[in-house]
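**Q** If it helps, the file is called input22.cif and holds mmCIF, C-alpha atoms and all ligand atoms:
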data_work
#
loop_
_atom_site.label_atom_id
_atom_site.label_comp_id
_atom_site.auth_asym_id
_atom_site.auth_seq_id
_atom_site.Cartn_x
_atom_site.Cartn_y
_atom_site.Cartn_z
CA MET A 52 64.70 148.17 152.63
CA LEU A 53 62.15 146.50 154.90
CA GLN A 54 58.78 148.28 154.61
CA SER A 55 55.76 146.78 156.34
CA GLY A 56 57.17 143.30 155.90
CA SER A 57 58.02 143.76 152.18
CA VAL A 58 61.43 144.27 150.64
CA VAL A 59 62.08 145.84 147.24
CA ILE A 60 65.11 144.49 145.37
CA ARG A 61 66.46 146.41 142.39
CA PRO A 62 68.77 144.91 139.76
CA VAL A 63 72.51 145.48 140.26
CA ARG A 64 75.49 145.55 137.89
CA THR A 65 77.53 143.12 139.99
CA VAL A 66 78.24 142.12 143.59
CA ALA A 67 81.43 142.69 145.55
CA GLY A 68 82.59 142.75 149.16
CA THR A 69 83.26 140.65 152.23
CA VAL A 70 80.69 138.81 154.35
CA ARG A 71 80.97 136.97 157.63
CA PRO A 72 77.87 134.75 157.73
CA PRO A 73 75.96 134.15 160.99
CA GLY A 74 76.71 131.08 163.10
CA ASP A 75 75.58 127.79 161.61
CA LYS A 76 71.97 126.96 162.50
CA SER A 77 72.42 123.18 162.54
CA ILE A 78 75.47 123.37 164.81
CA SER A 79 73.97 126.05 167.11
CA HIS A 80 70.90 123.87 167.83
CA ARG A 81 73.03 120.82 168.59
CA TYR A 82 75.58 122.66 170.75
CA ALA A 83 72.79 124.35 172.74
CA MET A 84 70.89 121.11 173.39
CA LEU A 85 74.01 119.20 174.42
CA ALA A 86 75.19 122.11 176.59
CA GLY A 87 71.82 121.88 178.38
CA ILE A 88 72.38 118.24 179.39
CA ALA A 89 76.14 118.52 179.97
CA GLU A 90 77.84 119.05 183.34
CA GLY A 91 79.23 122.57 183.67
CA THR A 92 78.96 125.88 181.87
CA SER A 93 79.36 126.09 178.09
CA ARG A 94 80.20 129.26 176.22
CA LEU A 95 79.15 129.38 172.57
CA GLU A 96 80.42 132.26 170.45
CA ASN A 97 78.99 133.24 167.07
CA PHE A 98 75.74 131.46 168.01
CA SER A 99 73.12 131.64 165.23
CA THR A 100 71.12 134.87 165.27
CA GLY A 101 68.17 133.08 163.61
CA ALA A 102 64.78 132.79 165.32
CA ASP A 103 64.92 128.98 165.03
CA CYS A 104 67.87 128.71 167.42
CA SER A 105 66.14 131.15 169.79
CA SER A 106 63.24 128.64 169.85
CA THR A 107 65.70 125.97 170.99
CA LEU A 108 67.06 128.25 173.73
CA ALA A 109 63.54 129.12 174.92
CA CYS A 110 62.62 125.41 175.15
CA LEU A 111 65.80 124.75 177.15
CA ARG A 112 64.90 127.54 179.59
CA ALA A 113 61.42 125.98 180.00
CA LEU A 114 63.17 122.69 180.82
CA GLY A 115 65.10 124.33 183.66
CA VAL A 116 68.35 125.11 181.82
CA PRO A 117 69.58 128.62 182.72
CA TRP A 118 71.43 130.62 180.05
CA GLU A 119 72.45 134.17 179.29
CA ARG A 120 72.95 135.74 175.92
CA SER A 121 74.65 138.93 174.84
CA ALA A 122 74.49 139.48 171.07
CA ASN A 123 75.76 136.24 169.59
CA VAL A 124 77.51 134.83 172.67
CA VAL A 125 75.42 132.32 174.62
CA VAL A 126 76.47 130.95 178.01
CA ILE A 127 74.55 127.82 179.02
CA HIS A 128 74.63 126.32 182.51
CA GLY A 129 74.18 122.59 181.96
CA ARG A 130 71.89 120.65 184.29
CA GLY A 131 73.33 117.23 183.56
CA THR A 132 71.10 114.56 182.10
CA LYS A 133 67.99 115.28 184.23
CA LEU A 134 65.89 118.17 182.94
CA GLN A 135 63.03 119.83 184.82
CA PRO A 136 59.42 119.03 183.79
CA PRO A 137 58.05 122.02 181.84
CA THR A 138 54.98 123.81 183.22
CA GLN A 139 53.57 124.51 179.76
CA ALA A 140 53.88 123.33 176.16
CA LEU A 141 57.34 123.75 174.62
CA ASP A 142 57.02 126.16 171.69
CA CYS A 143 59.29 125.13 168.80
CA GLY A 144 58.06 128.00 166.58
CA ASN A 145 58.95 127.30 162.94
CA SER A 146 61.82 124.99 163.83
CA GLY A 147 61.64 121.35 162.73
CA SER A 148 65.18 120.91 164.07
CA THR A 149 64.08 121.97 167.56
CA MET A 150 61.10 119.63 167.61
CA ARG A 151 62.82 116.59 166.13
CA MET A 152 66.17 116.76 167.92
CA LEU A 153 64.81 117.84 171.32
CA SER A 154 62.36 114.90 171.15
CA GLY A 155 65.37 112.58 171.36
CA ILE A 156 66.37 114.14 174.69
CA LEU A 157 62.79 114.31 176.01
CA ALA A 158 62.34 110.61 175.24
CA GLY A 159 64.97 109.98 177.94
CA GLN A 160 63.29 112.14 180.64
CA ASP A 161 60.89 110.59 183.14
CA PHE A 162 58.15 113.20 182.68
CA THR A 163 55.61 114.18 180.05
CA SER A 164 56.17 117.13 177.77
CA GLU A 165 54.21 118.62 174.91
CA LEU A 166 55.86 120.15 171.83
CA VAL A 167 53.97 122.61 169.67
CA GLY A 168 54.86 124.70 166.61
CA ASP A 169 53.52 127.35 164.23
CA ASP A 170 51.18 126.53 161.31
CA SER A 171 54.03 125.45 159.04
CA LEU A 172 55.66 123.19 161.66
CA SER A 173 52.24 121.76 162.57
CA ARG A 174 51.96 120.39 159.02
CA ARG A 175 55.38 118.68 159.03
CA PRO A 176 55.86 114.90 159.38
CA MET A 177 57.02 113.64 162.77
CA ALA A 178 56.30 109.90 162.27
CA ARG A 179 59.95 109.57 161.25
CA ILE A 180 61.03 110.21 164.86
CA ILE A 181 57.93 108.88 166.62
CA ALA A 182 58.27 105.29 165.33
CA PRO A 183 61.91 104.68 166.36
CA LEU A 184 61.56 106.54 169.69
CA GLN A 185 58.52 104.37 170.50
CA THR A 186 60.56 101.27 169.69
CA MET A 187 63.14 102.52 172.20
CA GLY A 188 60.40 102.73 174.85
CA ALA A 189 59.08 106.32 174.80
CA LYS A 190 55.31 106.90 174.78
CA ILE A 191 54.40 109.45 172.12
CA THR A 192 51.11 110.71 170.78
CA ALA A 193 50.64 113.07 167.83
CA GLN A 194 47.88 114.40 165.60
CA GLU A 195 46.59 112.53 162.58
CA GLY A 196 49.33 111.52 160.16
CA GLY A 197 52.02 111.92 162.85
CA ARG A 198 51.81 115.74 162.87
CA PRO A 199 52.52 118.04 165.85
CA PRO A 200 51.69 118.76 168.63
CA LEU A 201 53.58 115.83 170.15
CA ARG A 202 53.15 114.53 173.71
CA ILE A 203 56.18 112.61 174.87
CA THR A 204 56.38 110.57 178.06
CA GLY A 205 59.96 109.49 178.38
CA GLY A 206 61.69 107.13 180.73
CA ARG A 207 63.76 104.00 180.48
CA LEU A 208 64.95 103.55 176.90
CA GLN A 209 66.44 100.49 175.22
CA ALA A 210 69.04 100.88 172.48
CA ILE A 211 67.93 100.05 168.93
CA ASP A 212 69.51 99.09 165.68
CA TYR A 213 67.68 101.31 163.21
CA LYS A 214 67.76 101.58 159.43
CA MET A 215 66.34 105.00 158.62
CA PRO A 216 63.87 104.93 155.71
CA VAL A 217 64.35 108.69 154.98
CA ALA A 218 67.70 110.48 154.74
CA SER A 219 67.44 113.07 157.54
CA ALA A 220 70.20 114.43 159.74
CA GLN A 221 67.57 115.67 162.18
CA VAL A 222 66.26 112.13 162.66
CA LYS A 223 69.78 110.70 162.94
CA THR A 224 70.70 113.27 165.60
CA CYS A 225 67.40 112.72 167.45
CA LEU A 226 68.14 109.00 167.74
CA LEU A 227 71.78 109.50 168.76
CA PHE A 228 70.62 111.94 171.46
CA ALA A 229 68.04 109.37 172.65
CA GLY A 230 70.81 106.75 172.53
CA LEU A 231 72.65 108.71 175.25
CA PHE A 232 69.81 107.82 177.65
CA ALA A 233 69.36 104.17 176.54
CA GLU A 234 70.60 100.84 177.91
CA GLY A 235 73.04 99.40 175.38
CA GLU A 236 74.44 100.65 172.08
CA THR A 237 72.16 102.47 169.62
CA ARG A 238 73.06 102.01 165.96
CA VAL A 239 71.61 104.20 163.21
CA GLU A 240 72.07 103.53 159.51
CA GLU A 241 71.06 106.15 156.95
CA PRO A 242 70.20 105.55 153.28
CA VAL A 243 72.75 108.18 152.14
CA ASN A 244 75.20 110.21 154.19
CA THR A 245 73.70 113.37 155.65
CA ARG A 246 75.37 116.17 157.60
CA ASP A 247 77.33 114.77 160.55
CA HIS A 248 77.11 117.75 162.93
CA GLY A 249 75.30 115.60 165.52
CA GLU A 250 78.10 113.05 165.65
CA LEU A 251 80.79 115.77 165.79
CA ALA A 252 78.93 117.77 168.46
CA LEU A 253 78.49 114.68 170.66
CA ARG A 254 82.25 114.06 170.44
CA ALA A 255 82.99 117.73 171.18
CA PHE A 256 80.98 117.37 174.42
CA GLY A 257 83.01 114.27 175.33
CA ALA A 258 80.81 111.38 174.17
CA GLU A 259 82.20 108.49 172.19
CA VAL A 260 80.41 108.02 168.83
CA LYS A 261 81.62 105.38 166.38
CA THR A 262 81.01 105.99 162.69
CA GLN A 263 81.63 103.84 159.66
CA GLY A 264 80.20 104.52 156.21
CA ARG A 265 76.49 105.26 156.64
CA GLU A 266 76.36 104.01 160.26
CA ALA A 267 76.74 105.78 163.59
CA CYS A 268 76.75 104.06 167.01
CA ILE A 269 76.50 105.49 170.50
CA ALA A 270 76.61 103.71 173.85
CA GLY A 271 74.14 104.89 176.47
CA LYS A 272 74.84 106.48 179.86
CA GLN A 273 77.84 108.58 178.79
CA ASP A 274 78.51 111.84 180.63
CA LEU A 275 78.88 115.07 178.68
CA HIS A 276 81.18 117.88 179.73
CA ALA A 277 80.78 121.57 178.91
CA LEU A 278 82.23 123.09 175.73
CA GLN A 279 83.86 126.42 174.87
CA ALA A 280 83.43 126.90 171.13
CA THR A 281 82.92 129.33 168.30
CA VAL A 282 80.18 128.21 165.93
CA PRO A 283 81.37 128.15 162.29
CA GLY A 284 79.60 130.47 159.84
CA ASP A 285 76.51 129.02 158.19
CA LEU A 286 77.27 127.75 154.68
CA SER A 287 73.55 127.55 153.87
CA SER A 288 73.20 131.28 154.68
CA ALA A 289 76.39 132.09 152.77
CA ALA A 290 74.93 130.13 149.83
CA PHE A 291 72.72 133.10 148.91
CA PHE A 292 75.82 135.24 148.42
CA PHE A 293 77.78 132.50 146.62
CA CYS A 294 74.89 132.28 144.16
CA ALA A 295 74.58 136.07 143.89
CA ALA A 296 78.27 136.18 142.95
CA ALA A 297 77.75 133.34 140.46
CA LEU A 298 75.29 135.53 138.54
CA PHE A 299 77.84 138.18 137.47
CA PRO A 300 81.03 137.34 135.55
CA ASP A 301 82.96 140.21 137.16
CA SER A 302 81.78 139.66 140.77
CA ARG A 303 84.25 139.22 143.62
CA LEU A 304 83.20 138.12 147.07
CA ILE A 305 85.03 136.94 150.16
CA ILE A 306 83.09 134.86 152.66
CA SER A 307 85.03 134.51 155.89
CA ALA A 308 84.95 131.94 158.71
CA VAL A 309 82.36 129.75 157.01
CA GLY A 310 81.74 126.09 157.87
CA MET A 311 83.33 123.80 155.29
CA ASN A 312 82.24 120.44 156.73
CA PRO A 313 82.50 118.03 153.75
CA THR A 314 78.92 116.80 154.38
CA ARG A 315 77.72 120.38 153.76
CA SER A 316 80.13 121.91 151.25
CA GLY A 317 78.75 120.27 148.07
CA LEU A 318 77.61 123.70 146.87
CA LEU A 319 81.19 124.80 146.34
CA ASP A 320 81.99 121.78 144.14
CA LEU A 321 78.76 122.25 142.23
CA LEU A 322 79.35 125.95 141.56
CA ALA A 323 82.96 125.25 140.56
CA GLY A 324 81.63 122.69 138.06
CA MET A 325 79.29 125.40 136.72
CA GLY A 326 82.26 127.67 136.00
CA VAL A 327 82.45 129.81 139.14
CA ARG A 328 86.03 130.40 140.34
CA ILE A 329 86.35 129.39 143.97
CA SER A 330 89.37 129.30 146.24
CA VAL A 331 89.58 128.41 149.90
CA THR A 332 92.15 129.80 152.33
CA GLN A 333 92.73 129.73 156.09
CA LEU A 334 91.25 126.27 156.47
CA GLU A 335 91.24 125.05 160.06
CA GLU A 336 89.48 122.50 162.23
CA GLN A 337 87.62 123.30 165.43
CA HIS A 338 85.89 120.54 167.41
CA GLY A 339 85.83 118.36 164.30
CA GLU A 340 84.25 121.06 162.10
CA LEU A 341 86.22 122.58 159.20
CA ILE A 342 86.15 126.36 158.84
CA GLY A 343 87.59 128.39 155.98
CA THR A 344 87.56 131.63 154.04
CA VAL A 345 86.20 131.36 150.51
CA GLN A 346 86.84 133.70 147.59
CA VAL A 347 84.29 133.59 144.79
CA GLN A 348 84.53 135.11 141.33
CA GLY A 349 81.71 134.82 138.83
CA ALA A 350 82.01 133.51 135.28
CA LYS A 351 79.68 132.58 132.48
CA LEU A 352 77.43 130.17 134.36
CA LYS A 353 76.88 126.66 133.00
CA GLY A 354 73.90 124.46 133.90
CA THR A 355 73.91 121.16 135.81
CA THR A 356 71.85 118.23 137.10
CA ILE A 357 71.49 117.53 140.82
CA ARG A 358 70.56 113.99 141.93
CA SER A 359 70.95 111.79 145.01
CA PRO A 360 73.33 111.69 146.91
CA TYR A 361 74.11 115.34 146.05
CA THR A 362 70.47 116.37 146.48
CA GLU A 363 70.57 115.36 150.15
CA MET A 364 73.87 117.15 150.69
CA LEU A 365 72.58 120.32 149.03
CA ILE A 366 69.04 120.12 150.36
CA ASP A 367 68.94 123.62 151.90
CA GLU A 368 70.76 125.21 148.95
CA ILE A 369 68.32 123.95 146.29
CA PRO A 370 65.93 126.93 146.62
CA VAL A 371 68.63 129.44 145.68
CA LEU A 372 70.11 127.16 142.99
CA ALA A 373 66.64 126.83 141.43
CA ALA A 374 66.16 130.60 141.61
CA ILE A 375 69.36 131.28 139.62
CA ALA A 376 68.83 128.35 137.20
CA PRO A 377 67.15 130.44 134.45
CA TYR A 378 70.34 132.54 134.19
CA THR A 379 72.57 129.51 133.47
CA SER A 380 73.45 128.49 129.90
CA SER A 381 71.78 125.06 129.91
CA GLY A 382 69.47 125.14 132.92
CA ILE A 383 69.33 123.07 136.11
CA GLU A 384 67.48 119.82 136.68
CA ILE A 385 66.84 118.80 140.29
CA ARG A 386 65.78 115.21 141.07
CA ASP A 387 65.35 112.95 144.14
CA ALA A 388 64.19 116.00 146.09
CA ARG A 389 60.76 114.84 147.36
CA GLU A 390 61.79 115.93 150.86
CA LEU A 391 61.58 119.55 149.66
CA ARG A 392 57.80 119.16 149.65
CA VAL A 393 57.76 118.77 153.46
CA LYS A 394 60.13 121.57 154.47
CA GLU A 395 58.98 124.94 155.91
CA SER A 396 56.84 125.14 152.74
CA ASP A 397 56.34 122.82 149.77
CA ARG A 398 59.53 124.23 148.27
CA ILE A 399 59.08 122.58 144.87
CA ALA A 400 55.67 124.23 144.41
CA ALA A 401 56.85 127.55 145.91
CA LEU A 402 59.87 127.68 143.58
CA ALA A 403 57.81 126.82 140.50
CA ALA A 404 55.12 129.42 141.34
CA ASN A 405 57.60 132.25 141.94
CA LEU A 406 59.82 131.41 138.95
CA ARG A 407 56.72 131.48 136.75
CA ALA A 408 55.68 134.81 138.31
CA MET A 409 59.07 136.17 137.16
CA GLY A 410 58.28 134.96 133.63
CA ALA A 411 60.36 131.75 133.61
CA THR A 412 59.43 128.45 132.02
CA VAL A 413 59.63 125.67 134.62
CA GLU A 414 58.65 122.02 134.66
CA GLU A 415 57.49 120.89 138.11
CA LEU A 416 58.25 117.21 138.75
CA GLU A 417 57.01 115.12 141.62
CA ASP A 418 60.59 114.88 142.96
CA GLY A 419 62.09 118.10 141.67
CA LEU A 420 62.20 120.73 138.95
CA ARG A 421 63.47 121.13 135.39
CA ILE A 422 64.41 124.74 134.71
CA PRO A 423 65.73 125.64 131.24
CA GLY A 424 68.63 128.10 130.90
CA GLU A 425 69.14 131.31 128.89
CA GLN A 426 65.93 132.81 130.24
CA THR A 427 65.23 136.44 131.07
CA LEU A 428 63.39 137.14 134.32
CA ARG A 429 61.30 140.21 135.09
CA GLY A 430 60.85 141.87 138.45
CA THR A 431 57.49 141.06 140.03
CA GLU A 432 55.77 140.32 143.36
CA ILE A 433 57.10 137.30 145.25
CA ASP A 434 55.17 135.25 147.80
CA PRO A 435 57.66 133.33 149.97
CA PHE A 436 54.87 131.11 151.40
CA GLY A 437 56.20 131.95 154.88
CA ASP A 438 59.51 130.22 154.06
CA HIS A 439 62.80 131.97 154.87
CA ARG A 440 64.81 130.23 152.16
CA ILE A 441 62.24 131.01 149.44
CA ALA A 442 62.26 134.71 150.39
CA MET A 443 66.07 134.92 150.27
CA ALA A 444 66.37 132.82 147.07
CA PHE A 445 64.17 135.24 145.13
CA ALA A 446 65.98 138.28 146.52
CA VAL A 447 69.05 136.80 144.77
CA ALA A 448 67.19 136.06 141.51
CA ALA A 449 65.92 139.66 141.57
CA LEU A 450 69.47 141.04 141.33
CA ARG A 451 69.63 140.16 137.62
CA ALA A 452 65.95 140.58 136.70
CA HIS A 453 64.54 143.36 134.52
CA GLY A 454 62.79 145.84 136.81
CA GLU A 455 62.27 145.76 140.54
CA THR A 456 61.01 142.84 142.61
CA THR A 457 58.91 143.09 145.76
CA ILE A 458 59.31 140.23 148.22
CA HIS A 459 56.21 140.18 150.39
CA ARG A 460 56.44 139.07 154.03
CA ALA A 461 60.19 139.11 153.48
CA ASP A 462 60.76 139.06 157.25
CA ALA A 463 60.45 135.26 157.01
CA ALA A 464 64.26 135.49 156.66
CA VAL A 465 64.57 136.05 160.43
CA ILE A 466 64.19 132.30 160.88
CA SER A 467 67.79 131.72 159.79
CA TYR A 468 69.34 135.08 158.81
CA PRO A 469 67.88 138.31 160.27
CA GLU A 470 70.71 140.42 158.77
CA PHE A 471 70.28 139.02 155.24
CA TYR A 472 68.72 141.99 153.38
CA SER A 473 70.99 144.62 154.94
CA THR A 474 74.05 142.51 154.06
CA LEU A 475 72.80 141.96 150.49
CA GLU A 476 72.33 145.69 150.11
CA THR A 477 75.97 146.36 151.00
CA LEU A 478 77.18 143.91 148.32
CA GLY A 479 75.12 145.07 145.33
CA GLN A 480 77.01 147.45 142.99
CA ILE A 481 74.69 149.67 140.95
C1 LIG B 1 69.03 119.85 159.26
C2 LIG B 1 68.79 118.82 158.39
C3 LIG B 1 67.96 119.00 157.18
C4 LIG B 1 67.88 120.46 156.78
C5 LIG B 1 67.53 121.36 157.93
C6 LIG B 1 68.56 121.24 159.03
C7 LIG B 1 69.81 119.57 160.47
O1 LIG B 1 66.64 118.55 157.45
O2 LIG B 1 66.94 120.63 155.74
O3 LIG B 1 67.46 122.71 157.50
O4 LIG B 1 70.25 120.52 161.17
O5 LIG B 1 70.02 118.39 160.75
P1 LIG B 1 66.25 116.98 157.39
O6 LIG B 1 66.88 116.30 158.55
O7 LIG B 1 64.75 116.99 157.48
O8 LIG B 1 66.75 116.50 156.07
#
Do you think you could lay out the structure here as C-alpha cells?

**A**
Amino acid sequence: MLQSGSVVIRPVRTVAGTVRPPGDKSISHRYAMLAGIAEGTSRLENFSTGADCSSTLACLRALGVPWERSANVVVIHGRGTKLQPPTQALDCGNSGSTMRMLSGILAGQDFTSELVGDDSLSRRPMARIIAPLQTMGAKITAQEGGRPPLRITGGRLQAIDYKMPVASAQVKTCLLFAGLFAEGETRVEEPVNTRDHGELALRAFGAEVKTQGREACIAGKQDLHALQATVPGDLSSAAFFFCAAALFPDSRLIISAVGMNPTRSGLLDLLAGMGVRISVTQLEEQHGELIGTVQVQGAKLKGTTIRSPYTEMLIDEIPVLAAIAPYTSSGIEIRDARELRVKESDRIAALAANLRAMGATVEELEDGLRIPGEQTLRGTEIDPFGDHRIAMAFAVAALRAHGETTIHRADAAVISYPEFYSTLETLGQI
C-alpha cells in the first residue's frame, strides 16, 4: 500500500507463506565489480534488485564496462584490469559499498576519478579506506573529516600489511581488490571476523586468496576469469520476515534459496536461542557460498543480549531485532554497536526515536540500546530518516502493534528490497 511515499501497516493475526528473497546485496556488488575487471563475459542470475547494486552497475558503465540486464539477470562484459577514465563523477547514490569497494579498484587505475554520493553517503566516513589506499600509493583527496566526494588518482600500488582498526567487510574487500593491482602480497587483518564474501568472490573469479583466522592475503597481478553464477538470496532482507515470524507463536514461513554463509547467518542461531523453531533443508554450496531453505515457526519469544563478535556479524539485522525487542519476554540489549551510528542513518538514534514514538521505553547507549521486554506498542507515524532498514524494521514492529502505523517515505526500502512491502502484504494473515 504505497501512497505518495507512505505505507500504512495494519496489525495481523499471524504470518504464513513462502518467500524467495532478492539476490544478496553484498555478493551482487562484489560479483559485478569483479566481472567488470575480469576477462570474458559473466552472467549473474538473481542479481540484487536493490538501487544500491544499480549504482554499482551504473559506475561500471561509466568506467567503460558494457552490461545488459533483463529483470534480475545481468550479463557483464569484462574489460580486464584496465578500466576507461570516466568523463564525469561516478555517482554512488546511497551506497557505501559501491564507494568503498570500487575505490580499491580505482586506486589501481592510472587515471583520476571522482566518487560522489547522496546526502546520507556524503556524511559517511571514508578515512578508513583513504589511509590504507594512500599507504599503498594512491593519491586521494576528500572533504573535511574524510567525507565524500573522493578524488582518486591511482597508479602503481605497493602491497601492504594492514591491521584494520575498524571491523568492516567493505574495507577488507576494498583492500583485497586494491591488492590485485599491487606489487607483492597484501595482507589484511581484521579485529573480528566479518563477512567473507570478498574473499569467496575473488576465488570464484579465479584469484588465489589465502585466509587464516582473522587474516586474508592476496598476491598482486592475478588474472580474473568470467563467472556464471546465481546470487544467493539476501539473508539481511529475509531477516525482516524471520523476525515477523518470530512475533507470532503460530506463524509458519518458508524462506527459500537464502544465503547461509556462516559469517552472515548469526541471526538464525540468535532467533533459535530466543525460542523460534528453525530448520534448514536443501543446503548446498555454490562458488563457496552456502545456500539453503529455512523453515521458521514462531514461539513465545525470549530476550537476549548481543555483543561483539556477534554484533559485527548481525550488524545489518540489528534494526529489525531492536524493533521486535519490546515484544520479547525479557528485552534485548545491544552493545559494541557504535558502527550503527555511521550507517545510512544514525541507526541507534533512529531506532530509539521510532520505538519511543510507538510508546516503548528505550535506553539509548553510546554503543547500543537497552530495550525492555513485555511492552505494548501502538501504531503511529514512523520517520525512517531516509534509511531502508529502519523503514522495513518498523513495518515489522507494526504487525503486532495496537492500531495502524504509517511509515513515511517508506520507499527508502528500494535501496535493498523494492518488493518488500508487497511481499509483506502477502504474508500477513488478518
Ligand atoms: C557490507 C558490510 C557492512 C554492512 C553493509 C554491507 C558489505 O558494512 O553493514 O550493509 O557488503 O561488506 P561495514 O563494512 O561498514 O561494516

**Q** If we count all atoms listed in the file, what is near segment 247-256 of chain A at a cut-off of 8 Å, once residues fewer than 4 positions away on the same chain are taken out, given as an mmCIF file with C-alpha atoms, in the coordinates of the input?

**A**
data_model
loop_
_atom_site.group_PDB
_atom_site.id
_atom_site.type_symbol
_atom_site.label_atom_id
_atom_site.label_comp_id
_atom_site.auth_asym_id
_atom_site.auth_seq_id
_atom_site.Cartn_x
_atom_site.Cartn_y
_atom_site.Cartn_z
ATOM 1 C CA SER A 77 72.420 123.180 162.540
ATOM 2 C CA ILE A 78 75.470 123.370 164.810
ATOM 3 C CA ARG A 81 73.030 120.820 168.590
ATOM 4 C CA TYR A 82 75.580 122.660 170.750
ATOM 5 C CA LEU A 85 74.010 119.200 174.420
ATOM 6 C CA ALA A 86 75.190 122.110 176.590
ATOM 7 C CA ALA A 89 76.140 118.520 179.970
ATOM 8 C CA ALA A 220 70.200 114.430 159.740
ATOM 9 C CA LYS A 223 69.780 110.700 162.940
ATOM 10 C CA THR A 224 70.700 113.270 165.600
ATOM 11 C CA LEU A 227 71.780 109.500 168.760
ATOM 12 C CA VAL A 260 80.410 108.020 168.830
ATOM 13 C CA ALA A 267 76.740 105.780 163.590
ATOM 14 C CA LEU A 275 78.880 115.070 178.680
ATOM 15 C CA HIS A 276 81.180 117.880 179.730
ATOM 16 C CA ALA A 277 80.780 121.570 178.910
ATOM 17 C CA LEU A 278 82.230 123.090 175.730
ATOM 18 C CA THR A 314 78.920 116.800 154.380
ATOM 19 C CA HIS A 338 85.890 120.540 167.410
ATOM 20 C CA GLY A 339 85.830 118.360 164.300
ATOM 21 C CA GLU A 340 84.250 121.060 162.100
#

**Q** I'd like the interatomic distance between atom CA of Thr107 of chain A and atom CA of Ser93 of chain A, to a tenth of an Å.

**A** 15.4 Å

**Q** Using all atoms listed in the file, which protein or nucleic acid residues are at most 10 Å from ligand LIG 1 (chain B), as an MDAnalysis selection string?

**A** chainID A and resid 75:81 146:149 151:152 175:177 179 217:225 245:249 287 363:368 390:391 393:395 440 467

**Q** Taking only residues of segment 270-340 of chain A that have an atom at most 10 Å from an atom of segment 471-478 of chain A, what is each one's shortest atom pair and its distance in Å to one decimal, using only C-alpha atoms, in chain and number order, as CSV?

**A**
residue,atom,partner,partner_atom,distance
A:Ser288,CA,A:Phe471,CA,8.3
A:Ala289,CA,A:Phe471,CA,9.6
A:Phe291,CA,A:Leu475,CA,9.0
A:Phe292,CA,A:Leu475,CA,7.7
A:Ala295,CA,A:Leu475,CA,9.0
A:Ala296,CA,A:Leu478,CA,9.5
A:Ser302,CA,A:Leu478,CA,9.8
A:Arg303,CA,A:Leu478,CA,9.7
A:Leu304,CA,A:Leu478,CA,8.4

**Q** Which value, in Å to one decimal, gives the distance between atom CA of Ser99 of chain A and atom CA of Glu470 of chain A?

**A**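 A separation of 11.2 Å between them.
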
**Q** Determine the nearest neighbour of Thr355 of chain A from the options A:Ala182, A:Leu334, A:Met325, A:Ala102, counting only C-alpha atoms.

**A**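 Checking each of A:Ala182, A:Leu334, A:Met325, A:Ala102 against Thr355 of chain A, counting only C-alpha atoms, the winner is A:Met325.
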
**Q** Could you pull the residues within 8 Å of Val447 of chain A, counting all atoms listed in the file, minus those fewer than 3 positions along the same chain, as a VMD selection string?

**A** chain A and resid 291 to 292 294 to 295 371 374 to 375 443 to 444 450 to 451

**Q** Could you check which of A:Asp212, A:Asp301, A:Glu336, A:Asp387 is closest to Thr356 of chain A, using only C-alpha atoms?

**A**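 Ranked by minimum distance to Thr356 of chain A, first place goes to A:Asp387.
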
**Q** Out of A:Leu298, A:Asp103, A:Gln160, A:Arg94, which residue has the shortest atom-to-atom distance to Ala463 of chain A when counting all atoms listed in the file?

**A**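 Of A:Leu298, A:Asp103, A:Gln160, A:Arg94, the one nearest Ala463 of chain A is A:Asp103, counting all atoms listed in the file.
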
**Q** Could you check which of A:Asn405, A:Gln135, A:Ser164, A:Thr186 is closest to Arg112 of chain A, using only C-alpha atoms?

**A**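 Looking at the shortest contact to Arg112 of chain A, the residue is A:Gln135.
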
**Q** Which residues are close to Val345 of chain A, i.e. within 12 Å by all atoms listed in the file, leaving aside same-chain residues fewer than 4 positions away? Reply as a list of chain:residue names.

**A**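 Once the nearby chain positions are removed, what remains is A:Thr69, A:Val70, A:Arg71, A:Pro72, A:Gly284, A:Leu286, A:Ala289, A:Ala290, A:Phe292, A:Phe293, A:Ala296, A:Arg303, A:Leu304, A:Ile305, A:Ile306, A:Ser307, A:Ala308, A:Val309, A:Gly310, A:Met311, A:Ser316, A:Leu319, A:Arg328, A:Ile329, A:Ser330, A:Val331, A:Thr332, A:Gln333, A:Leu334.
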
**Q** To one decimal in Å, tell me the separation between atom CA of Ala210 of chain A and atom CA of Gly271 of chain A.

**A**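 Computing the Euclidean distance for atom CA of Ala210 of chain A and atom CA of Gly271 of chain A yields 7.6 Å.
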
**Q** From the set A:Val243, A:Ile88, A:Val116, A:Cys268, which residue has the shortest atom-to-atom contact distance to Tyr213 of chain A, counting all atoms listed in the file?

**A**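 Comparing A:Val243, A:Ile88, A:Val116, A:Cys268 against Tyr213 of chain A, the winner is A:Cys268.
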
**Q** Would you kindly identify which residues have an atom no farther than 12 Å from (75.8, 139.4, 172.9), using only C-alpha atoms and the file's own coordinates, and write them out as a PyMOL selection string?

**A** chain A and resi 94-100+119-126

**Q** Considering only C-alpha atoms, can you say which of A:Val58, A:Ile385, A:Leu352, A:Cys143 comes closest to Ile458 of chain A?

**A**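 Selected residue with least distance to Ile458 of chain A: A:Val58.
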
**Q** Excluding Thr431 of chain A and any residue of its chain fewer than 2 positions from it, enumerate the residues within 12 Å of it, using only C-alpha atoms, and give them as a list in words.

**A**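 Close residues of Thr431 of chain A: Val58, Val59, Ile60, Arg61, Pro62, Ala404, Asn405, Leu406, Arg407, Ala408, Met409, Gly410, Ala411, Leu428, Arg429, Ile433, Asp434, Phe445, Ala446, Ala448, Ala449, Ala452, His453, Gly454, Glu455, Thr456, Thr457, Ile458 and His459 of chain A.
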
**Q** Got a sec: who's within 7 Å of Val413 of chain A, counting all atoms listed in the file, leaving out chain neighbours fewer than 4 positions off, as a list in words?

**A** Ala403, Arg407, Arg421, Ile422 and Pro423 of chain A

**Q** With C-alpha atoms retained, could you export that selection as a JSON list (two decimals), in the coordinates of the input?

**A**
[["chain", "number", "residue", "atom", "x", "y", "z"],
["A", 403, "ALA", "CA", 57.81, 126.82, 140.50],
["A", 407, "ARG", "CA", 56.72, 131.48, 136.75],
["A", 421, "ARG", "CA", 63.47, 121.13, 135.39],
["A", 422, "ILE", "CA", 64.41, 124.74, 134.71],
["A", 423, "PRO", "CA", 65.73, 125.64, 131.24]]
